[in-house]
Amino acid sequence: HDRVFDVVIVGGGITGACLAHDATLRGLSVALIERGDFGAATSAASSKLLHGGIRYLQQGRFDKVRESARERHCFQVIAPHLMHWVPFLIPTQPGLIRGRWLLQCGTWFYECLTMGKERRVNDEAQRHLFAKYYPRNELAGLVPELGVRADITGAQVLYESHLHSTERMSLAFLKSAVAGGAVVANYMTADKMLRRQGRVEGVTVADGLNGQRFDLLGKMVINAAGPWLTDLNERSELGRLTVPISGFSKGTHIVTRQIVDRFALALPTRRKANTVLNRGGRHVFVIPWRNHSLIGTGDRPYTGTLDDVRPTEADITDLLSDVTEALPGIGLTRADVFHAFSGLYPLTARDLRPDVYQGTGDYQIVDHSREGIQGVVSVLGAKYTTARTLAERATNLVCKRLDRNTTPCRTSSTPLVGGEIDDLTEFTQDAVERYAATMKRCTVEHLVRHYGTEIDSVLAIASSERQERSLLSQLTSTRESIGAEVRFAVEEEMAVTLSDVVFRRTGLGTVGDPGESALCCCAEIMKMCLGWSDEHTTEEIQRTQALFRRVNKP
């Protein structure tokens, strides 16, 4: 609060994180604040996919197809440890629209449009794999749950890139920004923007942890607050977006027992999609993830408060119904749902239709100087896949407004913290051998997927402690997370609540409740690091347990 930054960024989701990283690489001084925990809201509530853009093919959006494919490969270059290729099976049925011929033509056209986007990926294991078709007789052997349906004639395989943790990807961008000199803080709310004589000069900030208030000054302010963007702009008396937000839709996912382990499934439903070519309704995905199935996305109009977005029983029931209708033999029930989460995405359609998915993937960069208000830019609407390119374009504008001759954007090729890996297979094997005496292979592989080259820093915390043995132990037998990750989260990654650690640093709770014993182990480590009282420690455990009870069967 005692300096003037070149850029103040409001919002610590994936868009704000990409903005901070880009701006620091160009030599700008950056401050970023986030009202909750980093990447905790919309950025965490997704299918964890870096979509290659094939869904835009049905909308005739060839520009979005190529953009998405390009950005997917950028992520593979800068953070290869956080993603892997997943083969999606798209079933075919009799007839032209849902048949093999049309789907294969679309796949061929898609691969032509996106050809060459992976040329900067040096690791052969990370390179894009080409589509393949399985006729019915082969499909029945690969995925019996799908092959038993009499109306399925086969399935097209298309590879998509899946993130092990969207939360750790967002954090990797932020940590890279901090390594470049940025100052970031979670649990800081921007009350309103500071204006003087037609220019925004910063924001008034409220510290959510201690209640203090102060002014955060910047030559430029970027509003990247996601669903809360409009509210902040209205309180600051800024103009409207180029395309006003007409409403919000709530996207819901559920985590269940594993249904299929080798393939992800893209299953058509009876729900409508806003496409030029409709192959049978909006698809629901069933994706193998951390020995579970991640199923989504549910879609419902949302009119509640922005701070209370959660899955309802109706959301969960809808997804279960969609999957069991497509795979009637799997016997999936409500008892198989271990976790659920929801996030919001803005809608801009004039005519909102509750029975149709109306997300577009279009983003906005609004320069408010066109309305006579200098020093502020609003950014909104990026999907996770396109957040980096949105940040590049917004940072170009900010540099222009600051009249700064900076270096060109380098975020598409500069490895993030933890991502300095040329050969992931070799790097993982080296780590397994290096720590073979103290940890199981599966635990080391888990640490590599989460931390990449930071694995040594995580484990160094354990080796420097008298409690080395306990910090190297799994927090629960059903998950690979270890105690050292908790201490690392507090000391190096600004985790200040138990839910920060459980959901967004370790991923311990992202597939469901790890149990009271694991939560108590995490809380005890945090208690020693942060000086919590017994009473506060108990409150943290109870608050985290309450988050799991939201999705437990009534």
# chains A, B, ... in the order shown; residues from 1 in each chain; ligands from 1

$ residues_around --residues "Glu371 of chain A" --least-positions-apart "4" --cutoff "9 Å" --atoms "only C-alpha atoms" --output "PyMOL selection string"
chain A and resi 238-239+367

$ write_last_selection --atoms "C-alpha atoms" --output "PDB file, in the first residue's frame"
ATOM      1  CA  LEU A 238     -17.836   2.765 -14.926  1.00  0.00           C
ATOM      2  CA  GLY A 239     -19.588   2.252 -18.223  1.00  0.00           C
ATOM      3  CA  ASP A 367     -10.885  -0.082 -22.693  1.00  0.00           C
TER       4      ASP A 367
END

$ closest_atom_pairs --of "segment 177-272 of chain A" --to "segment 382-399 of chain A" --cutoff "10 Å" --atoms "only C-alpha atoms" --output "JSON lines"
{"residue": "A:Lys219", "atom": "CA", "partner": "A:Val398", "partner_atom": "CA", "distance": 9.7}
{"residue": "A:Met220", "atom": "CA", "partner": "A:Val398", "partner_atom": "CA", "distance": 7.1}
{"residue": "A:Val221", "atom": "CA", "partner": "A:Val398", "partner_atom": "CA", "distance": 9.0}
{"residue": "A:Ile222", "atom": "CA", "partner": "A:Val398", "partner_atom": "CA", "distance": 8.6}
{"residue": "A:Ala224", "atom": "CA", "partner": "A:Ala391", "partner_atom": "CA", "distance": 9.9}
{"residue": "A:Gly226", "atom": "CA", "partner": "A:Ala382", "partner_atom": "CA", "distance": 9.2}

$ write_last_selection --atoms "C-alpha atoms" --output "compact mmCIF listing (two decimals), in the first residue's frame"
# COMPACT_ATOMS: atom_id res chain seq x y z
CA LYS A 219 -1.19 3.57 -13.08
CA MET A 220 -3.55 1.04 -14.68
CA VAL A 221 -6.23 -1.14 -13.11
CA ILE A 222 -7.42 -4.36 -14.76
CA ALA A 224 -10.53 -9.50 -14.02
CA GLY A 226 -15.04 -12.81 -13.32

$ closest_atom_pairs --of "segment 396-463 of chain A" --to "segment 68-73 of chain A" --cutoff "12 Å" --atoms "only C-alpha atoms" --output "JSON lines"
{"residue": "A:Thr411", "atom": "CA", "partner": "A:Glu71", "partner_atom": "CA", "distance": 10.7}
{"residue": "A:Ser412", "atom": "CA", "partner": "A:Glu71", "partner_atom": "CA", "distance": 8.0}
{"residue": "A:Ser413", "atom": "CA", "partner": "A:His73", "partner_atom": "CA", "distance": 9.9}

$ write_last_selection --atoms "N, CA, C and O atoms" --output "tab-separated table (two decimals), in the first residue's frame"
chain	number	residue	atom	x	y	z
A	411	THR	N	4.70	-15.49	-22.85
A	411	THR	CA	4.04	-16.48	-22.00
A	411	THR	C	3.73	-17.79	-22.72
A	411	THR	O	3.50	-18.81	-22.07
A	412	SER	N	3.73	-17.79	-24.03
A	412	SER	CA	3.43	-19.03	-24.77
A	412	SER	C	4.60	-19.99	-24.80
A	412	SER	O	4.43	-21.17	-25.12
A	413	SER	N	5.79	-19.52	-24.44
A	413	SER	CA	6.97	-20.37	-24.53
A	413	SER	C	7.81	-20.41	-23.27
A	413	SER	O	8.73	-21.22	-23.16

$ residues_around --residues "Ile254 of chain A" --least-positions-apart "6" --cutoff "12 Å" --atoms "only C-alpha atoms" --output "MDAnalysis selection string"
chainID A and resid 45:47 284:287 289 292:298 310:313 315:320 323 332:342 510:512 551:552

$ atom_distance --atom1 "atom CA of Thr497 of chain A" --atom2 "atom CA of Glu524 of chain A"
12.0 Å

$ residues_around --residues "segment 101-112 of chain A" --least-positions-apart "6" --cutoff "8 Å" --atoms "only C-alpha atoms" --output "count of residues only"
8

$ atom_distance --atom1 "atom CA of Val309 of chain A" --atom2 "atom CA of Arg487 of chain A"
29.4 Å

$ select_by_dssp --residues "segment 248-399 of chain A" --states "strand (DSSP E or B)" --output "PyMOL selection string"
chain A and resi 248-257+264-268+272-273+283-289+292-302+337-347+356-357+364-367+374+376-380

$ atom_distance --atom1 "atom CA of Ala326 of chain A" --atom2 "atom CA of Val255 of chain A"
17.3 Å

$ closest_atom_pairs --of "segment 137-246 of chain A" --to "segment 452-457 of chain A" --cutoff "12 Å" --atoms "only C-alpha atoms" --output "Markdown table"
| residue | atom | partner | partner_atom | distance |
| --- | --- | --- | --- | --- |
| A:His164 | CA | A:Gly452 | CA | 11.8 |
| A:Arg168 | CA | A:Gly452 | CA | 10.6 |
| A:Met169 | CA | A:Gly452 | CA | 11.1 |
| A:Ala172 | CA | A:Gly452 | CA | 10.2 |
| A:Lys175 | CA | A:Glu454 | CA | 11.4 |

$ closest_residue --among "A:Arg449, A:Arg404, A:Arg196, A:Arg300" --to "Tyr345 of chain A" --atoms "only C-alpha atoms"
A:Arg300

$ closest_atom_pairs --of "segment 12-123 of chain A" --to "segment 139-146 of chain A" --cutoff "12 Å" --atoms "only C-alpha atoms" --output "JSON lines"
{"residue": "A:Phe88", "atom": "CA", "partner": "A:Val143", "partner_atom": "CA", "distance": 11.7}
{"residue": "A:Leu89", "atom": "CA", "partner": "A:Val143", "partner_atom": "CA", "distance": 9.4}
{"residue": "A:Ile90", "atom": "CA", "partner": "A:Leu146", "partner_atom": "CA", "distance": 10.3}
{"residue": "A:Pro91", "atom": "CA", "partner": "A:Leu146", "partner_atom": "CA", "distance": 8.2}
{"residue": "A:Thr92", "atom": "CA", "partner": "A:Leu146", "partner_atom": "CA", "distance": 10.8}
{"residue": "A:Gln93", "atom": "CA", "partner": "A:Leu146", "partner_atom": "CA", "distance": 11.9}

$ residues_around --residues "Val30 of chain A" --least-positions-apart "2" --cutoff "10 Å" --atoms "only C-alpha atoms" --output "ChimeraX atom specification"
/A:4-9,19-24,27-28,32,177-178,180-184,218,220-221

$ residues_around --residues "Leu216 of chain A" --least-positions-apart "4" --cutoff "10 Å" --atoms "only C-alpha atoms" --output "MDAnalysis selection string"
chainID A and resid 1:5 8 31:33 190 193:194 201:205 221

$ closest_residue --among "A:Ser165, A:Thr443, A:Ser473, A:Thr230" --to "Ala44 of chain A" --atoms "only C-alpha atoms"
A:Ser165
